[in-house]
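Participant: My structure is in protein06.txt, and what it holds is compact mmCIF, C-alpha atoms and all ligand atoms:
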# COMPACT_ATOMS: atom_id res chain seq x y z
CA MET J 1 0.48 -13.89 47.65
CA THR J 2 2.13 -11.48 45.23
CA ASP J 3 5.70 -10.28 45.57
CA GLN J 4 4.38 -6.82 46.44
CA ASP J 5 2.22 -8.24 49.27
CA MET J 6 5.28 -9.94 50.72
CA TYR J 7 7.39 -6.81 50.92
CA SER J 8 4.86 -4.02 51.36
CA LYS J 9 5.32 -3.59 55.09
CA ILE J 10 4.76 0.11 55.52
CA ASP J 11 1.73 2.37 55.21
CA ILE J 12 3.38 5.56 54.10
CA ASN J 13 0.24 7.60 54.81
CA THR J 14 0.47 6.85 58.53
CA TYR J 15 4.26 6.52 58.81
CA GLN J 16 6.04 8.81 61.23
CA LYS J 17 8.97 8.33 63.55
CA GLU J 18 10.16 10.27 66.55
CA THR J 19 13.87 10.02 67.03
CA GLU J 20 16.79 11.75 68.68
CA LEU J 21 20.16 12.88 67.36
CA LYS J 22 23.30 12.13 69.32
CA ASN J 23 23.34 15.69 70.68
CA GLY J 24 19.86 15.21 72.14
CA THR J 25 17.93 17.13 69.45
CA LYS J 26 14.48 15.55 69.07
CA VAL J 27 13.44 15.06 65.45
CA LEU J 28 10.23 13.89 63.86
CA LEU J 29 10.47 12.10 60.53
CA ARG J 30 7.34 11.97 58.37
CA PRO J 31 6.27 12.31 54.74
CA MET J 32 5.68 15.79 53.38
CA VAL J 33 2.06 16.93 53.23
CA ALA J 34 0.56 19.84 51.28
CA GLU J 35 0.53 22.05 54.41
CA ASP J 36 4.36 21.87 54.55
CA GLN J 37 4.62 24.14 51.52
CA ASP J 38 5.64 27.33 53.38
CA ALA J 39 8.02 25.56 55.77
CA LEU J 40 9.67 23.79 52.84
CA TYR J 41 10.11 27.07 51.00
CA GLU J 42 11.78 28.53 54.12
CA PHE J 43 14.02 25.46 54.37
CA PHE J 44 15.20 25.88 50.79
CA LYS J 45 15.59 29.65 51.22
CA ALA J 46 18.20 28.97 53.92
CA ILE J 47 20.39 26.92 51.60
CA PRO J 48 23.80 28.53 51.15
CA LYS J 49 24.64 29.50 47.57
CA GLU J 50 27.57 27.06 47.42
CA ASP J 51 25.19 24.18 48.16
CA SER J 52 22.61 24.99 45.49
CA ARG J 53 24.67 23.01 42.98
CA TYR J 54 23.61 19.83 44.83
CA LEU J 55 20.01 20.48 43.93
CA ARG J 56 18.57 19.32 40.65
CA ASP J 57 15.82 21.92 40.71
CA ASP J 58 15.73 25.64 41.32
CA VAL J 59 14.13 25.46 44.75
CA SER J 60 14.30 29.22 45.19
CA SER J 61 11.16 29.24 43.05
CA ARG J 62 8.06 29.46 45.23
CA LEU J 63 5.99 28.28 42.28
CA LEU J 64 7.98 25.06 42.07
CA VAL J 65 7.56 24.32 45.78
CA GLU J 66 3.82 25.08 45.44
CA LYS J 67 3.62 22.65 42.52
CA TRP J 68 5.31 19.91 44.57
CA ALA J 69 2.93 20.48 47.48
CA LYS J 70 -0.11 20.41 45.22
CA ASN J 71 0.91 17.31 43.29
CA LEU J 72 2.16 15.00 46.02
CA ASP J 73 2.23 11.41 44.79
CA TYR J 74 4.18 9.22 47.20
CA GLU J 75 4.40 6.37 44.70
CA LYS J 76 6.39 8.61 42.41
CA THR J 77 8.26 10.90 44.77
CA LEU J 78 8.29 10.20 48.49
CA PRO J 79 9.64 13.20 50.43
CA ILE J 80 10.54 12.43 54.05
CA LEU J 81 10.98 15.54 56.17
CA ALA J 82 12.94 15.91 59.39
CA ILE J 83 11.07 18.34 61.64
CA LYS J 84 12.24 20.12 64.76
CA ASP J 85 9.87 22.52 66.55
CA ASP J 86 7.67 22.85 63.43
CA ALA J 87 10.65 23.77 61.23
CA ILE J 88 12.03 21.52 58.50
CA ILE J 89 15.69 20.70 59.13
CA GLY J 90 16.14 17.90 56.59
CA ASP J 91 14.55 16.67 53.37
CA ALA J 92 15.14 13.24 51.88
CA THR J 93 13.36 11.80 48.86
CA ILE J 94 12.93 8.50 47.08
CA ASN J 95 11.90 8.72 43.43
CA ARG J 96 10.38 5.69 41.72
CA ARG J 97 8.90 4.64 38.43
CA ARG J 98 5.74 2.59 38.57
CA SER J 99 6.54 0.50 35.52
CA GLY J 100 9.29 -0.41 33.12
CA TRP J 101 12.82 -1.64 33.55
CA LYS J 102 13.58 0.72 36.43
CA ASN J 103 10.56 -0.05 38.57
CA HIS J 104 12.71 -1.95 41.12
CA LEU J 105 14.95 1.10 41.56
CA GLY J 106 14.68 4.09 43.86
CA THR J 107 16.63 7.29 43.33
CA VAL J 108 17.42 9.08 46.56
CA ARG J 109 18.37 12.61 47.55
CA VAL J 110 19.15 14.02 50.97
CA PHE J 111 19.56 17.58 52.09
CA VAL J 112 20.27 18.68 55.64
CA HIS J 113 19.89 22.28 56.88
CA LYS J 114 23.31 23.88 57.27
CA GLU J 115 22.80 24.47 61.01
CA TYR J 116 22.05 20.79 61.67
CA ARG J 117 24.97 19.20 59.84
CA ASP J 118 27.64 17.00 61.40
CA VAL J 119 25.38 15.73 64.17
CA GLY J 120 24.28 12.55 62.42
CA LEU J 121 21.02 13.72 60.79
CA GLY J 122 22.20 12.92 57.25
CA HIS J 123 23.23 9.44 58.36
CA LEU J 124 19.93 8.91 60.15
CA MET J 125 17.87 10.02 57.15
CA ILE J 126 19.79 7.86 54.70
CA ASP J 127 19.35 4.82 56.97
CA GLU J 128 15.66 5.61 57.23
CA LEU J 129 15.32 5.88 53.44
CA VAL J 130 16.96 2.46 53.11
CA ASP J 131 14.55 0.98 55.65
CA ILE J 132 11.50 2.54 53.97
CA ALA J 133 12.75 1.41 50.54
CA TYR J 134 13.07 -2.16 51.82
CA LYS J 135 9.54 -2.07 53.19
CA LEU J 136 8.22 -0.67 49.91
CA GLY J 137 9.79 -3.56 48.01
CA ILE J 138 12.46 -1.48 46.28
CA GLU J 139 15.47 -3.62 45.33
CA LYS J 140 18.18 -1.06 44.68
CA LEU J 141 18.82 2.53 45.64
CA ILE J 142 20.83 4.91 43.56
CA VAL J 143 22.17 8.36 44.34
CA GLU J 144 23.81 10.88 42.04
CA ILE J 145 26.30 13.12 43.79
CA PRO J 146 27.58 16.18 41.93
CA ASP J 147 31.14 17.36 42.39
CA PRO J 148 32.13 14.19 44.24
CA ALA J 149 35.70 15.10 45.22
CA GLY J 150 35.85 14.95 49.01
CA THR J 151 32.22 15.76 49.68
CA ALA J 152 30.41 14.92 52.91
CA ALA J 153 27.77 13.25 50.77
CA ILE J 154 30.15 10.54 49.55
CA ASN J 155 31.13 9.80 53.17
CA ALA J 156 27.53 9.75 54.35
CA PHE J 157 26.34 7.36 51.63
CA THR J 158 29.44 5.16 51.95
CA ARG J 159 28.73 4.78 55.66
CA ALA J 160 25.19 3.68 54.80
CA GLY J 161 26.53 0.91 52.56
CA PHE J 162 26.35 2.59 49.15
CA HIS J 163 29.14 1.81 46.66
CA ARG J 164 30.49 4.11 44.00
CA VAL J 165 29.71 2.48 40.64
CA ALA J 166 30.65 5.29 38.27
CA VAL J 167 31.81 8.83 37.94
CA ILE J 168 30.27 10.50 34.93
CA PRO J 169 32.38 13.45 33.76
CA ASN J 170 30.59 16.73 33.07
CA MET J 171 27.18 15.14 33.55
CA VAL J 172 25.36 18.17 34.94
CA LYS J 173 25.76 21.93 34.87
CA ASP J 174 25.91 24.16 37.93
CA ARG J 175 24.05 27.45 38.37
CA GLU J 176 26.90 29.23 36.50
CA ASN J 177 26.40 26.83 33.59
CA MET J 178 29.73 25.11 34.28
CA PRO J 179 29.99 21.32 33.79
CA VAL J 180 30.22 19.24 36.95
CA ASP J 181 31.12 15.53 37.38
CA VAL J 182 28.60 13.25 39.03
CA ALA J 183 29.40 10.19 41.15
CA VAL J 184 26.80 7.43 40.96
CA MET J 185 26.46 5.30 44.09
CA MET J 186 24.21 2.27 44.60
CA LYS J 187 23.03 -0.02 47.34
CA ASP J 188 21.26 -3.35 47.13
CA VAL J 189 18.32 -3.06 49.47
CA ARG J 190 16.94 -6.58 49.23
CA PRO J 191 17.64 -9.61 47.07
CA ALA J 192 16.65 -9.13 43.44
CA HIS J 193 13.63 -11.11 42.27
CA ASP J 194 15.68 -12.48 39.42
CA GLU J 195 19.28 -13.36 40.23
CA ALA J 196 20.30 -12.35 36.74
CA TYR J 197 19.90 -8.76 37.90
CA ASP J 198 21.99 -9.18 41.03
CA TYR J 199 25.14 -7.20 40.37
CA ASP J 200 28.15 -7.79 42.54
CA PHE J 201 29.69 -4.41 43.41
C1 LIG J 301 25.61 15.20 52.71
C2 LIG J 301 24.76 15.66 53.88
C3 LIG J 301 23.33 15.18 53.68
C4 LIG J 301 25.33 15.04 55.16
O1 LIG J 301 24.47 15.43 56.23
P1 LIG J 301 24.97 15.51 57.73
O2 LIG J 301 23.75 15.57 58.58
O3 LIG J 301 25.96 16.61 57.91
O4 LIG J 301 25.67 14.08 57.88
P2 LIG J 301 26.17 13.38 59.22
O5 LIG J 301 26.09 14.34 60.38
O6 LIG J 301 25.45 12.11 59.36
O7 LIG J 301 27.67 13.09 58.87
C5 LIG J 301 28.56 14.18 58.60
C6 LIG J 301 29.82 14.10 59.43
O8 LIG J 301 29.51 14.32 60.78
C7 LIG J 301 30.08 13.29 61.57
N1 LIG J 301 29.17 13.06 62.69
C8 LIG J 301 28.02 12.35 62.66
N2 LIG J 301 27.48 12.34 63.90
C9 LIG J 301 28.30 13.07 64.67
C10 LIG J 301 28.26 13.43 66.05
N3 LIG J 301 27.30 13.05 66.85
N4 LIG J 301 29.26 14.21 66.51
C11 LIG J 301 30.25 14.59 65.72
N5 LIG J 301 30.34 14.29 64.40
C12 LIG J 301 29.37 13.53 63.91
C13 LIG J 301 30.12 12.12 60.68
O9 LIG J 301 31.09 11.18 61.11
C14 LIG J 301 30.47 12.75 59.37
O10 LIG J 301 31.86 12.97 59.26
P3 LIG J 301 32.65 12.56 57.94
O11 LIG J 301 31.98 13.29 56.80
O12 LIG J 301 34.04 13.01 58.20
O13 LIG J 301 32.49 11.09 57.82
C15 LIG J 301 24.80 17.21 54.06
O14 LIG J 301 26.15 17.62 54.09
C16 LIG J 301 24.10 17.96 52.97
O15 LIG J 301 22.89 18.18 53.06
N6 LIG J 301 24.85 18.36 51.91
C17 LIG J 301 24.31 19.08 50.76
C18 LIG J 301 23.41 18.20 49.92
C19 LIG J 301 24.10 16.95 49.40
O16 LIG J 301 25.27 16.93 49.08
N7 LIG J 301 23.29 15.87 49.30
C20 LIG J 301 23.78 14.58 48.82
C21 LIG J 301 23.53 14.38 47.37
S1 LIG J 301 21.86 13.96 47.06
Would you kindly transcribe this structure into structure tokens?
Ligand SMILES: CC(C)(COP(=O)(O)OP(=O)(O)OC[C@H]1O[C@@H](n2cnc3c(N)ncnc32)[C@H](O)[C@@H]1OP(=O)(O)O)[C@@H](O)C(=O)NCCC(=O)NCCS
Facilitator:
Amino acid sequence: MTDQDMYSKIDINTYQKETELKNGTKVLLRPMVAEDQDALYEFFKAIPKEDSRYLRDDVSSRLLVEKWAKNLDYEKTLPILAIKDDAIIGDATINRRRSGWKNHLGTVRVFVHKEYRDVGLGHLMIDELVDIAYKLGIEKLIVEIPDPAGTAAINAFTRAGFHRVAVIPNMVKDRENMPVDVAVMMKDVRPAHDEAYDYDF
């Protein structure tokens, strides 16, 4: 039995989960499919300007969202959507590399619709990403959080067991081309195959 056989405990093509937030809102979690293109564009359109700095890409571009929908490849980028009444209210992704020295790592991102914040959805989605990552055999998760001072994101990832490993000054630029610090947080998802790689945070 290969290492991958041992840990591959999820069929991402059939995965979906019905769950409930603490305020009673029913939410469906499932991977993005091509047909989500319009709903995803609407989700991104609703992002307040002050939050757009947390996004690596210019998601106001319909062409970009179309490209994502057309080129879905869950082994590279796995987008998990939170859906309520056919609308997307949260988007969380795990990015992976199939080979090379980072192929045990997953890079995560989470974005919750402004109207559904502070009711536990971010927490729920991060926990779900960690669970999916474990089942996919990913060893470590990493998240890059821009403008880390006092953000909800630091709290949300800390609660999910991520540790701050670095703050990189002026790592990215915001939409006004101004430099912004980035906090790097990591979480060990399952024991490393080789103990030599097992960092103690
Ligand atoms: C970071 C982010 C994902 C958090 O999402 P969220 O759904 O608001 O997160 P949660 O609701 O789980 O937690 C937020 C707060 O609500 C509180 N909360 C959670 N459930 C609650 C409930 N049922 N009732 C009251 N408060 C609650 C939490 O304690 C937390 O408070 P704290 O920040 O003081 O610790 C969201 O703010 C976001 O999308 N930000 C922009 C994008 C971003 O920064 N992404 C991260 C970098 S990739």
Participant: Using all atoms listed in the file, which of the listed residues (J:Asn177, J:Thr151, J:Ser99, J:Gln37) sits closest to ligand LIG 301 (chain J)?
Facilitator: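 Ranked by minimum distance to ligand LIG 301 (chain J), first place goes to J:Thr151.
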Participant: Give me, please, the distance in Å between atom C16 of ligand LIG 301 (chain J) and atom CA of J:Gly122, quoted to one decimal.
Facilitator: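 The value is 6.9 Å.
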Participant: How would you report the residues lying within 6 Å of ligand LIG 301 (chain J), as a ChimeraX atom specification, if you count all atoms listed in the file?
Facilitator: /J:22,51,54,109-112,117-123,145,152-153,155-156
Participant: Could you pull the residues within 6 Å of stretch 78-87 of chain J, counting all atoms listed in the file, minus those fewer than 2 positions along the same chain, as a PyMOL selection string?
Facilitator: chain J and resi 27-32+74+89-94
Participant: Taking only C-alpha atoms into account, name the residue in J:Ala133, J:Val165, J:Asp73, J:Leu124 that is nearest to J:Asn13.
Facilitator: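 Answer, going by the shortest atom-to-atom distance: J:Asp73.
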Participant: Can you take the partial stretch 107-125 of chain J, add N, CA and C atoms, and return it as a compact mmCIF listing (two decimals), in the frame of the given file?
Facilitator:
# COMPACT_ATOMS: atom_id res chain seq x y z
N THR J 107 15.57 6.28 43.37
CA THR J 107 16.63 7.29 43.33
C THR J 107 16.47 8.19 44.55
N VAL J 108 17.55 8.33 45.31
CA VAL J 108 17.42 9.08 46.56
C VAL J 108 18.17 10.41 46.51
N ARG J 109 17.69 11.33 47.34
CA ARG J 109 18.37 12.61 47.55
C ARG J 109 18.22 12.98 49.02
N VAL J 110 19.23 13.60 49.56
CA VAL J 110 19.15 14.02 50.97
C VAL J 110 19.72 15.43 51.08
N PHE J 111 19.04 16.24 51.84
CA PHE J 111 19.56 17.58 52.09
C PHE J 111 19.31 17.93 53.55
N VAL J 112 20.38 18.33 54.22
CA VAL J 112 20.27 18.68 55.64
C VAL J 112 20.55 20.19 55.79
N HIS J 113 19.71 20.85 56.61
CA HIS J 113 19.89 22.28 56.88
C HIS J 113 21.30 22.52 57.42
N LYS J 114 21.92 23.58 56.91
CA LYS J 114 23.31 23.88 57.27
C LYS J 114 23.56 23.85 58.79
N GLU J 115 22.60 24.38 59.55
CA GLU J 115 22.80 24.47 61.01
C GLU J 115 22.68 23.13 61.73
N TYR J 116 22.24 22.10 61.01
CA TYR J 116 22.05 20.79 61.67
C TYR J 116 22.95 19.73 61.07
N ARG J 117 24.03 20.18 60.42
CA ARG J 117 24.97 19.20 59.84
C ARG J 117 25.95 18.71 60.89
N ASP J 118 26.58 17.59 60.57
CA ASP J 118 27.64 17.00 61.40
C ASP J 118 27.16 16.55 62.78
N VAL J 119 25.87 16.31 62.90
CA VAL J 119 25.38 15.73 64.17
C VAL J 119 24.62 14.43 63.90
N GLY J 120 24.83 13.87 62.70
CA GLY J 120 24.28 12.55 62.42
C GLY J 120 22.92 12.53 61.74
N LEU J 121 22.35 13.72 61.40
CA LEU J 121 21.02 13.72 60.79
C LEU J 121 21.05 13.12 59.38
N GLY J 122 22.08 13.47 58.61
CA GLY J 122 22.20 12.92 57.25
C GLY J 122 22.24 11.40 57.31
N HIS J 123 23.08 10.89 58.18
CA HIS J 123 23.23 9.44 58.36
C HIS J 123 21.89 8.81 58.72
N LEU J 124 21.22 9.43 59.69
CA LEU J 124 19.93 8.91 60.15
C LEU J 124 18.90 8.89 59.01
N MET J 125 18.87 9.95 58.22
CA MET J 125 17.87 10.02 57.15
C MET J 125 18.17 9.03 56.04
